[in-house]
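Novice: First the structure, then my questions, so here it is.
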Amino acid sequence: PAFIVALCDAALMHCHPAHLFFNAVERMKEHHWTPAGIDSVYAFVFDGLDLDWRGHADTFQSLHKRTVATAANEFRDALKADVFKENVRWFEQVMAGALKLRTEHGGFFAKLVSSPGMLSQLFYEVFDEMGTPFMTNALFNGYFYPPKKLKAASIQPYLPWVFLSIRMTFRGGKKCLLHSFCQARPDKRVTDQNCENSPWERVRLPELCPYAQMWKTWGLTGKQPV
């Protein structure tokens, strides 16, 4: 089963997972190939494959490195204010940890369980180093586990969700994706009709919500999407 997990995981790193999956299976059959271990599955799937992405010819490893560098640079550039420093630090650590896992421990995904129903030591190591993404349950209560090294940091883990919401605004969307989350705040009501129709208008309020805070940070106060 671990070999199957490794094959599926490797295929999901491609922009056309099904194509890479079947290509690998056909080559395995053609060469009567037998895996020598979990890492050998990744090596076989990626052997000789180059990716053409926006004019760049990449291997899977170089694509990982360039993608992580681009994401970290753009996140840092989008959050230059001092109040966001620890968010940037968190994002950079998570990206560096992800790159390390993929380049130094390629088959880590298939090694997260040591036997059915039992988490491996590697699982706990990854969990402590990476933490979790920002998550909500059915009641839109938010949950977040930071990397162990950053437990004392002041992190706003929902910021990537704010980025996505503003991106949707520029594509014609009118509702803030954080509305249900903010609406579930137990201590006081912080939402209004603008959250669902024109969240950019909330930048005029004395207490800024995450969306309005980012709208102001990016110098968009008084601006409306067209």
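Each chain of the structure tokens is named A, B, ... in the order shown, its residues numbered from 1; ligands are numbered from 1 in display order.
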Which residues are near stretch 80-91 of chain A? Cut-off 10 Å, only C-alpha atoms, ignore same chain within fewer than 2 positions. Put them as a ChimeraX atom specification.

Specialist: /A:71-73,75-78,93-97,130-131,146-147,149-150,153-160,217-218

Novice: Identify, on the basis of only C-alpha atoms, every residue whose closest approach to stretch 2-12 of chain A does not exceed 7 Å; exclude the query and any residue fewer than 4 positions from it along the same chain; express the result as a PyMOL selection string.

Specialist: chain A and resi 17+20-21+38+41-42+45+107+110

Novice: Run DSSP on the backbone of this structure and report the residues of stretch 63-226 of chain A it assigns to strand (DSSP E or B), as JSON, numbers by chain.

Specialist: {"A": [113, 114, 115, 118, 119, 135, 136, 142, 143]}

Novice: Tell me which of A:Met168, A:Leu220, A:Cys15, A:Val25 sits closest to A:Val203, counting only C-alpha atoms.

Specialist: A:Leu220

Novice: Could you give me, as a PyMOL selection string, each residue of stretch 92-219 of chain A that DSSP assigns to alpha helix (DSSP H) when run on this structure's backbone?

Specialist: chain A and resi 92-104+121-130+159-170+179-183+194-197+210-217

Novice: Do you have the atom CA of A:Ala43-atom CA of A:His64 distance handy?

Specialist: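 Separation of atom CA of A:Ala43 and atom CA of A:His64: 15.2 Å.
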